[in-house]
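Participant: Structure incoming, see below.
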2 protein chains.
Amino acid sequence: MLRAKVSGKRNHLMPTIKDVARVAGCSTATVSRALANPEKVSDTTRERVALAIAEVGYAPNVAARNLRRAESKTIVALLPDISNPFFSEIINGMEEVAHLAGYQVLIGDCEHDPARAEAYFELLPTNQADGILLLTAEVPMVLVRQADGQSSFPLVMACEFFADIDLPTVAIDNHQAACHAIDYLISLGHRRIATLSGPAANPICKERVRGYHDTLAAHGLVAEARIVEGDFGFRSGYQQGLALLEPGRTRPTAIFCHSDEMAIGVLKAARQLGLAVPGQLSVVGFDNIGFSEYCEPELTTISQPRNEIGQQAMRLLLGLMRGEPVVRRQTLSTQLIVRKSTGRPDA
Amino acid sequence: MLRAKVSGKRNHLMPTIKDVARVAGCSTATVSRALANPEKVSDTTRERVALAIAEVGYAPNVAARNLRRAESKTIVALLPDISNPFFSEIINGMEEVAHLAGYQVLIGDCEHDPARAEAYFELLPTNQADGILLLTAEVPMVLVRQADGQSSFPLVMACEFFADIDLPTVAIDNHQAACHAIDYLISLGHRRIATLSGPAANPICKERVRGYHDTLAAHGLVAEARIVEGDFGFRSGYQQGLALLEPGRTRPTAIFCHSDEMAIGVLKAARQLGLAVPGQLSVVGFDNIGFSEYCEPELTTISQPRNEIGQQAMRLLLGLMRGEPVVRRQTLSTQLIVRKSTGRPDA
DNA sequence: CGCTTGAATGTAAAGCTTTACACAAGCATG
DNA sequence: CATGCTTGTGTAAAGCTTTACATTCAAGCG
């Protein structure tokens, strides 16, 4: 055990595969094989190598391996905004699967800026990343166009998707989830139901809006449709909430929000205007973030299987990279979680 | 412009520094210098190299560079829990500085598990990371012992610290911040002030508790001290809130919480018990997370300059790595943000 | 026994960049 | 003019691993 670790410019003192080979009395090739393809090495040699590795305290030099293998064992996950707690559980799911397969996850926070996303895409051709997991659609289209999930450009979308490009995707059925929420509100007796959408250009929001419309139509309520646009954040929820609930206008009795943060902003607006929730206003959120159980009143919301989305997306990506046959489009199920922010409208 | 990008096993077709050299009519050494030390190359050559690079579409192979330079241009940031939104702004700050210096930030979510932290520490001796930014103290002590911030083991702590090891640190003055909060509560007329601490073993919590005690003592209120322990999360705040406010016992009139999430949990407990906030109970949080403006009532809390903490910590780390003289211990100032969850206690 | 086959291992090149060292030319200095 | 310095560039090694190919040896088979 001669763990080398002396202060100095660099630890050039780290033992290399040569040292192992010397101690084990074999060639470096054999050591390499003992590590990468144990079955190609005799039992006795494998043992000697293992012993030698322990003795010199060897750990492979990853840069050299990456250089030789032309890979990086790194997956980059592109997020629109790391401060949104919605993503943390997805990341956990991704990492669980990635680590098991020997991959690292590099989290790329794009801060809603396509230019940042572009910078991360550059990691792929330079072998600094082996694949991309895209959790945002705010990306220059031209970058994505080349990728159809070929192993030459391994890319998987999670949660989000593009309307006109058919990429491998793991997501929920946003249309259905919206239908579910609106159906539920109608069943409670609501007729004037508004939607507080995320960015209108966002495909998942379009899907949700479509579900909203379809369900209203099915109940002959299209005339009551009202849609305003937010950005998924607290503040926009609050501001658009104030706008929707403006006194002196006929108010909606329920608002379907495309994120929990916006729903919570709406709750604040309602409080400020003195509206009772759920008596005078019902609110439904989306995502079931941790906070939704602790706001006042507790939020009715749509829960996505976040950990599973992360896991499946990573599995899909790794499968794609290995050239395995894969299900290119996976739809996971959502759940409407009824809490205290929804109820029958007061008469 | 012959951007090579054909499907195939790997893009071995990526142009290398040799291609550039051939086109520019010089040696690879000169190309390398033109990129890394432009001043060592004549103006005309530099231009020819630049042109050649553009023509062949060259991008350096990072793995090869890392191998040769024995570095990775990667900093790993170890978090206790990525789902805590408190960290996101710190990460932003770190990334801003890191990217400017050509470094990547690898976020390591330890999920409160020292074993996970250990795995990330392994990246250092194997040249997969050049330095560590530690945002958690839940780390095997033995790992940290070796590091005193020498450039051989570049490590900087942010927010947290160890009681008995003097590492380079960027943090706030937790004692002072607590004093500030308690002083404020006392000035409102509170006498029975409880503390809902984070994990008792955590040095920053100890500091805050010390500030709490000192301030009570300064006002002859030590007899009223009452401390319970949580884990910074919503749920523990709620549960310990219920315990603290248990009917039939003399209740505290104010609770100082070591995180906003716990404070919000306490608010829920108070609501459930029918206690008016701030009339019957005042609550102070810690961290000023985005949510604290949107809960009911809006939370009085202590704000940390999160972005700046991230920036300074990264600057300190990079300075350390370059062997520059640095201020090893930086204390940033906090701010008490008074909102609606605190007030004079009802008579 | 001679031949084939397979398993186990070694040799050496390749992967791409950086950099120590050598070299050449130009210029100034004594 | 000899000397020495500076500036710019090239040569080649080094950084560490993986892997195609070569080699050896033993076993199996006719």
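Simple scheme: letters A, B, ... for chains in structure tokens order, numbers from 1 for residues in each chain, numbers from 1 for ligands in the order shown.
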Name all residues at most 8 Å from Leu188 in chain B (count only C-alpha atoms (C1' of nucleotides); drop same-chain ones fewer than 2 positions away) and give them as an MDAnalysis selection string.
Facilitator: chainID B and resid 184:186 190 343:345
Participant: I'd like the contact shell of range 18-22 of chain D - 8 Å cut-off, only C-alpha atoms (C1' of nucleotides), skipping same-chain residues fewer than 5 positions apart - returned as a ChimeraX atom specification.
Facilitator: /A:29,32,65,68-69 /C:11
Participant: Write out, as JSON lines, each residue of chain A that has an atom at most 7 Å from chain C, together with the closest pair of atoms and their distance in Å to one decimal, counting only C-alpha atoms (C1' of nucleotides), rows going by chain and rising number.
Facilitator:
{"residue": "A:Ser27", "atom": "CA", "partner": "C:DG10", "partner_atom": "C1'", "distance": 6.5}
{"residue": "A:Thr30", "atom": "CA", "partner": "C:DT9", "partner_atom": "C1'", "distance": 6.9}
{"residue": "A:Val41", "atom": "CA", "partner": "C:DA8", "partner_atom": "C1'", "distance": 6.6}
{"residue": "A:Ser42", "atom": "CA", "partner": "C:DA8", "partner_atom": "C1'", "distance": 6.9}
{"residue": "A:Leu67", "atom": "CA", "partner": "C:DG15", "partner_atom": "C1'", "distance": 6.0}
{"residue": "A:Arg68", "atom": "CA", "partner": "C:DG15", "partner_atom": "C1'", "distance": 4.9}
Participant: Using only C-alpha atoms, please write the residues we just selected to a file, as a PDB file, in the first residue's frame.
Facilitator:
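Result written to out-v5.pdb:
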ATOM      1  CA  SER A  27       2.039  -7.125 -19.791  1.00  0.00           C
ATOM      2  CA  THR A  30      -3.202  -8.321 -19.826  1.00  0.00           C
ATOM      3  CA  VAL A  41      -7.867 -13.797 -18.841  1.00  0.00           C
ATOM      4  CA  SER A  42      -7.036 -16.932 -16.907  1.00  0.00           C
ATOM      5  CA  LEU A  67      -8.988   9.330 -25.455  1.00  0.00           C
ATOM      6  CA  ARG A  68      -8.368   5.827 -26.614  1.00  0.00           C
TER       7      ARG A  68
END
Participant: Excluding Val338 in chain A and its own-chain neighbours fewer than 6 positions away, which residues fall within 10 Å of it when counting only C-alpha atoms (C1' of nucleotides)? Please give them as a PyMOL selection string.
Facilitator: chain A and resi 181+184+284+298-302
Participant: With N, CA and C atoms retained, could you export that selection as a compact mmCIF listing (two decimals), in the first residue's frame?
Facilitator:
# COMPACT_ATOMS: atom_id res chain seq x y z
N ALA A 181 -58.03 16.84 -15.43
CA ALA A 181 -58.20 17.96 -14.49
C ALA A 181 -59.48 18.73 -14.79
N TYR A 184 -62.63 16.82 -13.97
CA TYR A 184 -62.85 16.85 -12.52
C TYR A 184 -63.49 18.17 -12.08
N VAL A 284 -56.14 24.33 -9.65
CA VAL A 284 -55.44 23.06 -9.90
C VAL A 284 -54.05 23.38 -10.42
N GLU A 298 -53.80 23.43 0.78
CA GLU A 298 -53.01 22.43 0.07
C GLU A 298 -53.52 22.28 -1.35
N LEU A 299 -52.60 22.10 -2.26
CA LEU A 299 -52.92 22.24 -3.67
C LEU A 299 -53.36 20.93 -4.32
N THR A 300 -54.48 20.99 -5.00
CA THR A 300 -54.86 19.91 -5.90
C THR A 300 -53.99 20.01 -7.15
N THR A 301 -53.43 18.90 -7.56
CA THR A 301 -52.45 19.01 -8.65
C THR A 301 -52.32 17.69 -9.39
N ILE A 302 -51.62 17.75 -10.51
CA ILE A 302 -51.39 16.55 -11.30
C ILE A 302 -49.97 16.09 -11.05
Participant: Fit chain B to chain A, using all C-alpha atoms paired in sequence order for the least-squares superposition, and then show me the result as a tab-separated table (two decimals) with C-alpha atoms, in the first residue's frame.
Facilitator:
chain	number	residue	atom	x	y	z
B	1	MET	CA	-0.07	-0.26	0.07
B	2	LEU	CA	1.93	2.70	-1.02
B	3	ARG	CA	-0.71	5.25	-1.69
B	4	ALA	CA	1.19	8.02	-3.33
B	5	LYS	CA	-0.07	11.43	-2.43
B	6	VAL	CA	2.58	14.01	-1.95
B	7	SER	CA	2.11	17.67	-2.43
B	8	GLY	CA	3.66	18.91	-5.63
B	9	LYS	CA	2.68	20.35	-8.93
B	10	ARG	CA	0.64	17.34	-9.90
B	11	ASN	CA	0.31	13.81	-8.76
B	12	HIS	CA	2.32	12.35	-11.58
B	13	LEU	CA	3.09	9.81	-8.92
B	14	MET	CA	-0.17	8.08	-9.41
B	15	PRO	CA	0.62	4.48	-10.34
B	16	THR	CA	-0.13	3.54	-13.93
B	17	ILE	CA	-1.07	0.36	-15.61
B	18	LYS	CA	2.63	-0.28	-16.20
B	19	ASP	CA	3.30	-0.43	-12.50
B	20	VAL	CA	0.55	-2.96	-12.11
B	21	ALA	CA	1.91	-5.02	-14.97
B	22	ARG	CA	5.39	-5.04	-13.49
B	23	VAL	CA	4.17	-6.14	-10.08
B	24	ALA	CA	1.83	-8.73	-11.52
B	25	GLY	CA	4.53	-9.97	-13.87
B	26	CYS	CA	2.55	-9.61	-17.06
B	27	SER	CA	2.04	-7.11	-19.85
B	28	THR	CA	-0.09	-4.00	-19.69
B	29	ALA	CA	-2.38	-5.54	-22.24
B	30	THR	CA	-3.20	-8.33	-19.83
B	31	VAL	CA	-3.89	-5.91	-17.01
B	32	SER	CA	-6.16	-3.93	-19.26
B	33	ARG	CA	-8.00	-7.06	-20.26
B	34	ALA	CA	-8.27	-8.25	-16.70
B	35	LEU	CA	-10.16	-5.07	-15.98
B	36	ALA	CA	-12.26	-4.68	-19.08
B	37	ASN	CA	-12.79	-8.28	-20.19
B	38	PRO	CA	-12.09	-10.51	-17.20
B	39	GLU	CA	-13.29	-13.59	-19.06
B	40	LYS	CA	-10.44	-13.29	-21.52
B	41	VAL	CA	-7.86	-13.80	-18.81
B	42	SER	CA	-6.99	-16.94	-16.90
B	43	ASP	CA	-8.15	-17.20	-13.33
B	44	THR	CA	-4.67	-17.19	-11.86
B	45	THR	CA	-3.61	-14.14	-13.85
B	46	ARG	CA	-6.75	-12.30	-12.91
B	47	GLU	CA	-5.99	-12.86	-9.29
B	48	ARG	CA	-2.40	-11.78	-9.57
B	49	VAL	CA	-3.54	-8.62	-11.34
B	50	ALA	CA	-6.11	-7.90	-8.67
B	51	LEU	CA	-3.48	-8.30	-6.02
B	52	ALA	CA	-1.05	-6.06	-7.86
B	53	ILE	CA	-3.71	-3.40	-8.30
B	54	ALA	CA	-4.38	-3.40	-4.60
B	55	GLU	CA	-0.70	-3.34	-3.80
B	56	VAL	CA	0.21	-0.33	-5.86
B	57	GLY	CA	-3.12	1.42	-5.37
B	58	TYR	CA	-3.91	1.70	-9.03
B	59	ALA	CA	-6.86	3.55	-10.48
B	60	PRO	CA	-7.22	3.87	-14.23
B	61	ASN	CA	-6.50	7.21	-15.81
B	62	VAL	CA	-9.84	8.16	-17.20
B	63	ALA	CA	-8.58	10.77	-19.60
B	64	ALA	CA	-6.36	8.23	-21.30
B	65	ARG	CA	-9.15	5.72	-21.47
B	66	ASN	CA	-11.54	8.27	-22.87
B	67	LEU	CA	-9.02	9.33	-25.44
B	68	ARG	CA	-8.42	5.80	-26.59
B	69	ARG	CA	-12.04	4.76	-26.57
B	70	ALA	CA	-13.29	8.01	-28.00
B	71	GLU	CA	-15.95	8.38	-25.37
B	72	SER	CA	-16.42	10.27	-22.16
B	73	LYS	CA	-18.87	8.25	-20.13
B	74	THR	CA	-20.71	11.48	-19.56
B	75	ILE	CA	-24.32	12.30	-20.32
B	76	VAL	CA	-25.39	15.89	-20.31
B	77	ALA	CA	-28.86	16.73	-19.06
B	78	LEU	CA	-30.14	20.05	-20.30
B	79	LEU	CA	-32.59	21.84	-18.01
B	80	PRO	CA	-34.47	25.04	-18.69
B	81	ASP	CA	-33.96	26.22	-15.13
B	82	ILE	CA	-32.24	24.45	-12.33
B	83	SER	CA	-34.05	26.41	-9.64
B	84	ASN	CA	-37.31	24.72	-10.50
B	85	PRO	CA	-37.62	21.90	-7.97
B	86	PHE	CA	-39.69	19.96	-10.44
B	87	PHE	CA	-36.50	18.72	-12.05
B	88	SER	CA	-34.62	17.53	-9.02
B	89	GLU	CA	-36.40	14.24	-8.74
B	90	ILE	CA	-36.04	13.62	-12.45
B	91	ILE	CA	-32.33	14.18	-12.09
B	92	ASN	CA	-32.21	11.70	-9.26
B	93	GLY	CA	-33.85	9.11	-11.48
B	94	MET	CA	-31.44	9.77	-14.29
B	95	GLU	CA	-28.43	9.53	-12.03
B	96	GLU	CA	-29.51	6.26	-10.52
B	97	VAL	CA	-29.54	4.60	-13.90
B	98	ALA	CA	-26.49	6.41	-15.24
B	99	HIS	CA	-24.23	5.56	-12.32
B	100	LEU	CA	-25.15	1.93	-12.53
B	101	ALA	CA	-24.01	1.95	-16.13
B	102	GLY	CA	-20.80	3.77	-15.28
B	103	TYR	CA	-21.88	7.13	-16.62
B	104	GLN	CA	-21.71	10.56	-15.08
B	105	VAL	CA	-24.43	13.13	-15.48
B	106	LEU	CA	-23.43	16.66	-16.27
B	107	ILE	CA	-26.27	19.02	-15.48
B	108	GLY	CA	-26.55	21.87	-17.91
B	109	ASP	CA	-28.65	24.75	-16.69
B	110	CYS	CA	-29.78	26.66	-19.76
B	111	GLU	CA	-31.59	29.39	-17.86
B	112	HIS	CA	-34.11	29.56	-20.68
B	113	ASP	CA	-31.37	30.71	-23.03
B	114	PRO	CA	-30.96	28.75	-26.28
B	115	ALA	CA	-27.39	30.03	-26.62
B	116	ARG	CA	-26.47	28.23	-23.44
B	117	ALA	CA	-28.00	25.06	-24.74
B	118	GLU	CA	-25.96	25.41	-27.87
B	119	ALA	CA	-22.75	25.53	-25.85
B	120	TYR	CA	-23.65	22.24	-24.23
B	121	PHE	CA	-24.41	20.65	-27.56
B	122	GLU	CA	-20.84	21.40	-28.53
B	123	LEU	CA	-19.69	18.84	-25.99
B	124	LEU	CA	-20.95	16.04	-28.15
B	125	PRO	CA	-18.79	16.26	-31.29
B	126	THR	CA	-15.72	16.91	-29.13
B	127	ASN	CA	-16.25	13.71	-27.21
B	128	GLN	CA	-16.79	15.49	-23.94
B	129	ALA	CA	-20.24	13.99	-23.73
B	130	ASP	CA	-21.65	10.80	-25.18
B	131	GLY	CA	-25.30	11.74	-25.23
B	132	ILE	CA	-27.84	14.40	-24.43
B	133	LEU	CA	-30.97	14.26	-22.36
B	134	LEU	CA	-33.13	17.19	-23.27
B	135	LEU	CA	-35.55	18.46	-20.66
B	136	THR	CA	-36.28	21.67	-22.45
B	137	ALA	CA	-37.49	22.62	-25.89
B	138	GLU	CA	-35.82	26.01	-25.69
B	139	VAL	CA	-33.03	24.93	-27.97
B	140	PRO	CA	-32.00	26.11	-31.42
B	141	MET	CA	-33.95	23.90	-33.77
B	142	VAL	CA	-31.08	23.48	-36.16
B	143	LEU	CA	-29.13	21.62	-33.50
B	144	VAL	CA	-31.85	19.12	-32.95
B	145	ARG	CA	-32.67	18.59	-36.59
B	146	GLN	CA	-29.60	16.48	-37.22
B	147	ALA	CA	-30.54	14.15	-34.44
B	148	ASP	CA	-33.08	11.52	-35.05
B	149	GLY	CA	-31.76	9.44	-32.24
B	150	GLN	CA	-29.22	7.67	-34.39
B	151	SER	CA	-26.38	6.43	-32.33
B	152	SER	CA	-24.26	9.03	-34.07
B	153	PHE	CA	-26.14	11.72	-32.22
B	154	PRO	CA	-27.72	10.17	-29.17
B	155	LEU	CA	-30.46	12.43	-27.96
B	156	VAL	CA	-33.54	11.75	-25.89
B	157	MET	CA	-36.23	14.16	-24.83
B	158	ALA	CA	-37.88	13.96	-21.46
B	159	CYS	CA	-41.09	15.74	-20.48
B	160	GLU	CA	-40.90	18.15	-23.37
B	161	PHE	CA	-40.98	17.48	-27.08
B	162	PHE	CA	-40.98	19.19	-30.46
B	163	ALA	CA	-44.11	19.41	-32.51
B	164	ASP	CA	-42.47	18.69	-35.84
B	165	ILE	CA	-39.52	16.47	-35.03
B	166	ASP	CA	-39.99	12.93	-33.98
B	167	LEU	CA	-37.30	12.34	-31.39
B	168	PRO	CA	-37.09	9.50	-28.91
B	169	THR	CA	-39.14	10.76	-26.01
B	170	VAL	CA	-40.22	9.91	-22.50
B	171	ALA	CA	-43.15	11.97	-21.34
B	172	ILE	CA	-46.62	12.00	-19.96
B	173	ASP	CA	-49.80	12.41	-21.94
B	174	ASN	CA	-50.33	16.11	-21.44
B	175	HIS	CA	-53.59	16.17	-23.33
B	176	GLN	CA	-55.06	13.44	-21.23
B	177	ALA	CA	-53.82	14.94	-17.98
B	178	ALA	CA	-55.46	18.24	-18.83
B	179	CYS	CA	-58.70	16.48	-19.76
B	180	HIS	CA	-58.61	14.74	-16.45
B	181	ALA	CA	-58.21	17.96	-14.50
B	182	ILE	CA	-60.91	19.82	-16.41
B	183	ASP	CA	-63.30	16.88	-16.23
B	184	TYR	CA	-62.85	16.84	-12.52
B	185	LEU	CA	-63.55	20.57	-12.21
B	186	ILE	CA	-66.65	20.28	-14.37
B	187	SER	CA	-67.86	17.37	-12.29
B	188	LEU	CA	-67.64	19.65	-9.26
B	189	GLY	CA	-69.99	22.03	-11.00
B	190	HIS	CA	-67.60	24.57	-12.48
B	191	ARG	CA	-68.45	26.15	-15.79
B	192	ARG	CA	-66.19	29.17	-16.03
B	193	ILE	CA	-62.81	27.51	-16.00
B	194	ALA	CA	-59.73	29.44	-17.05
B	195	THR	CA	-56.31	28.12	-17.96
B	196	LEU	CA	-53.08	29.69	-16.87
B	197	SER	CA	-50.74	28.26	-19.46
B	198	GLY	CA	-46.99	28.10	-19.62
B	199	PRO	CA	-45.28	29.78	-22.57
B	200	ALA	CA	-47.75	29.53	-25.44
B	201	ALA	CA	-45.13	28.31	-27.88
B	202	ASN	CA	-44.31	25.34	-25.71
B	203	PRO	CA	-45.66	22.10	-27.22
B	204	ILE	CA	-46.58	20.58	-23.88
B	205	CYS	CA	-48.61	23.66	-23.06
B	206	LYS	CA	-50.31	23.43	-26.41
B	207	GLU	CA	-51.23	19.84	-25.63
B	208	ARG	CA	-52.64	20.83	-22.28
B	209	VAL	CA	-54.58	23.68	-23.82
B	210	ARG	CA	-55.93	21.28	-26.42
B	211	GLY	CA	-57.09	18.96	-23.67
B	212	TYR	CA	-58.67	21.91	-21.93
B	213	HIS	CA	-60.53	22.95	-25.07
B	214	ASP	CA	-61.62	19.44	-25.98
B	215	THR	CA	-63.08	18.85	-22.56
B	216	LEU	CA	-64.88	22.17	-22.49
B	217	ALA	CA	-66.26	21.41	-25.93
B	218	ALA	CA	-67.47	18.01	-24.82
B	219	HIS	CA	-69.58	19.80	-22.25
B	220	GLY	CA	-70.66	22.67	-24.46
B	221	LEU	CA	-68.55	25.17	-22.56
B	222	VAL	CA	-66.28	26.49	-25.29
B	223	ALA	CA	-67.77	29.93	-24.94
B	224	GLU	CA	-66.38	30.08	-21.43
B	225	ALA	CA	-62.79	29.35	-22.43
B	226	ARG	CA	-60.21	31.81	-21.27
B	227	ILE	CA	-56.50	31.38	-21.50
B	228	VAL	CA	-53.68	33.50	-20.20
B	229	GLU	CA	-50.00	32.87	-20.48
B	230	GLY	CA	-47.33	32.67	-17.80
B	231	ASP	CA	-43.79	31.36	-17.57
B	232	PHE	CA	-44.25	28.57	-14.99
B	233	GLY	CA	-42.86	30.75	-12.20
B	234	PHE	CA	-44.45	32.03	-8.99
B	235	ARG	CA	-44.48	35.62	-10.04
B	236	SER	CA	-46.24	35.14	-13.33
B	237	GLY	CA	-48.84	33.05	-11.53
B	238	TYR	CA	-49.44	35.84	-9.10
B	239	GLN	CA	-49.65	38.52	-11.76
B	240	GLN	CA	-51.85	36.60	-14.14
B	241	GLY	CA	-53.93	35.51	-11.19
B	242	LEU	CA	-54.61	39.14	-10.35
B	243	ALA	CA	-55.51	39.78	-13.97
B	244	LEU	CA	-57.88	36.83	-14.20
B	245	LEU	CA	-59.58	37.64	-10.93
B	246	GLU	CA	-59.80	41.36	-11.47
B	247	PRO	CA	-62.86	42.66	-9.61
B	248	GLY	CA	-65.72	44.00	-11.69
B	249	ARG	CA	-65.43	41.35	-14.35
B	250	THR	CA	-67.05	37.97	-14.38
B	251	ARG	CA	-64.48	35.83	-12.69
B	252	PRO	CA	-63.67	32.24	-13.50
B	253	THR	CA	-64.64	29.91	-10.66
B	254	ALA	CA	-61.68	27.68	-11.34
B	255	ILE	CA	-58.19	28.03	-12.79
B	256	PHE	CA	-56.17	25.22	-14.25
B	257	CYS	CA	-52.48	26.09	-13.98
B	258	HIS	CA	-49.66	24.49	-15.95
B	259	SER	CA	-47.33	24.47	-12.96
B	260	ASP	CA	-47.59	24.33	-9.21
B	261	GLU	CA	-45.55	27.47	-8.83
B	262	MET	CA	-48.04	29.42	-10.90
B	263	ALA	CA	-50.91	27.85	-9.00
B	264	ILE	CA	-49.35	29.01	-5.77
B	265	GLY	CA	-49.00	32.47	-7.25
B	266	VAL	CA	-52.69	32.38	-8.07
B	267	LEU	CA	-53.48	31.37	-4.50
B	268	LYS	CA	-51.65	34.44	-3.30
B	269	ALA	CA	-53.56	36.63	-5.73
B	270	ALA	CA	-56.85	35.15	-4.53
B	271	ARG	CA	-55.92	35.78	-0.93
B	272	GLN	CA	-55.06	39.33	-1.70
B	273	LEU	CA	-58.41	39.85	-3.39
B	274	GLY	CA	-60.21	38.25	-0.47
B	275	LEU	CA	-61.48	35.30	-2.44
B	276	ALA	CA	-62.12	32.09	-0.55
B	277	VAL	CA	-60.40	29.00	-1.94
B	278	PRO	CA	-62.01	26.68	-2.81
B	279	GLY	CA	-65.36	28.38	-2.10
B	280	GLN	CA	-65.06	31.20	-4.58
B	281	LEU	CA	-62.14	29.88	-6.59
B	282	SER	CA	-60.77	26.44	-7.23
B	283	VAL	CA	-57.16	26.03	-8.30
B	284	VAL	CA	-55.44	23.07	-9.90
B	285	GLY	CA	-51.69	22.90	-10.31
B	286	PHE	CA	-49.35	20.70	-12.27
B	287	ASP	CA	-46.30	18.69	-11.18
B	288	ASN	CA	-46.93	18.00	-7.50
B	289	ILE	CA	-43.78	19.66	-6.22
B	290	GLY	CA	-42.96	19.22	-2.55
B	291	PHE	CA	-44.29	22.61	-1.75
B	292	SER	CA	-47.80	21.87	-2.95
B	293	GLU	CA	-48.58	20.03	0.27
B	294	TYR	CA	-47.57	22.95	2.41
B	295	CYS	CA	-49.25	25.91	0.84
B	296	GLU	CA	-52.61	27.22	2.00
B	297	PRO	CA	-54.84	25.59	1.06
B	298	GLU	CA	-53.00	22.44	0.07
B	299	LEU	CA	-52.91	22.24	-3.68
B	300	THR	CA	-54.85	19.90	-5.90
B	301	THR	CA	-52.45	19.01	-8.65
B	302	ILE	CA	-51.39	16.55	-11.31
B	303	SER	CA	-48.55	14.33	-10.31
B	304	GLN	CA	-45.99	13.13	-12.78
B	305	PRO	CA	-43.85	10.08	-12.00
B	306	ARG	CA	-40.74	12.20	-11.97
B	307	ASN	CA	-38.22	9.70	-10.78
B	308	GLU	CA	-39.45	7.19	-13.32
B	309	ILE	CA	-39.34	9.72	-16.12
B	310	GLY	CA	-35.70	10.30	-15.31
B	311	GLN	CA	-34.93	6.61	-15.13
B	312	GLN	CA	-36.69	5.70	-18.34
B	313	ALA	CA	-35.22	8.57	-20.26
B	314	MET	CA	-31.74	7.53	-19.23
B	315	ARG	CA	-32.41	3.90	-20.05
B	316	LEU	CA	-33.72	4.89	-23.43
B	317	LEU	CA	-30.67	7.01	-24.13
B	318	LEU	CA	-28.21	4.34	-23.05
B	319	GLY	CA	-30.08	1.75	-25.10
B	320	LEU	CA	-29.94	4.01	-28.12
B	321	MET	CA	-26.22	4.51	-27.64
B	322	ARG	CA	-25.63	0.80	-27.49
B	323	GLY	CA	-27.65	0.39	-30.64
B	324	GLU	CA	-30.20	-1.78	-28.91
B	325	PRO	CA	-33.75	-1.92	-30.16
B	326	VAL	CA	-35.77	0.49	-28.04
B	327	VAL	CA	-39.26	1.85	-27.64
B	328	ARG	CA	-38.74	5.30	-29.04
B	329	ARG	CA	-41.74	6.89	-27.43
B	330	GLN	CA	-42.74	6.17	-23.88
B	331	THR	CA	-45.76	7.65	-22.22
B	332	LEU	CA	-46.01	7.45	-18.46
B	333	SER	CA	-49.18	7.92	-16.55
B	334	THR	CA	-50.16	10.86	-14.39
B	335	GLN	CA	-52.36	11.07	-11.37
B	336	LEU	CA	-54.75	13.74	-10.23
B	337	ILE	CA	-54.06	14.43	-6.58
B	338	VAL	CA	-57.07	16.01	-4.97
B	339	ARG	CA	-56.30	18.20	-2.00
B	340	LYS	CA	-57.97	21.25	-0.57
B	341	SER	CA	-57.69	23.88	-3.27
B	342	THR	CA	-60.64	22.54	-5.24
B	343	GLY	CA	-64.29	22.08	-4.38
B	344	ARG	CA	-67.81	22.86	-5.49
B	345	PRO	CA	-68.25	26.50	-6.40
B	346	ASP	CA	-70.36	28.50	-3.94
B	347	ALA	CA	-73.87	29.06	-5.26
Participant: Could you pull out the strand (DSSP E or B) residues of range 163-249 of chain A, going by DSSP on the backbone, and write them as a list of chain:residue names?
Facilitator: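 Answer for range 163-249 of chain A restricted to strand (DSSP E or B) is A:Thr169, A:Val170, A:Ala171, A:Ile172, A:Ile193, A:Ala194, A:Thr195, A:Leu196, A:Ser197, A:Arg226, A:Ile227, A:Val228, A:Glu229.
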Participant: Apply DSSP to the structure's backbone, then extract all residues of range 100-252 of chain A labelled helix (DSSP H, G or I) and return them as a PyMOL selection string.
Facilitator: chain A and resi 100+114-121+141-145+174-187+203-218+222-224+234-244
Participant: Hey, could you make a per-residue contact list for chain D against chain B with 9 Å as the cut-off, showing the nearest pair of atoms and its distance in Å to one decimal, counting only C-alpha atoms (C1' of nucleotides), sorted by chain and number, as a Markdown table?
Facilitator:
| residue | atom | partner | partner_atom | distance |
| --- | --- | --- | --- | --- |
| D:DT7 | C1' | B:Lys40 | CA | 8.3 |
| D:DG8 | C1' | B:Val41 | CA | 6.5 |
| D:DT9 | C1' | B:Thr30 | CA | 6.9 |
| D:DG10 | C1' | B:Ser27 | CA | 6.5 |
| D:DA14 | C1' | B:Arg68 | CA | 8.0 |
| D:DG15 | C1' | B:Arg68 | CA | 4.9 |
| D:DC16 | C1' | B:Leu67 | CA | 7.7 |
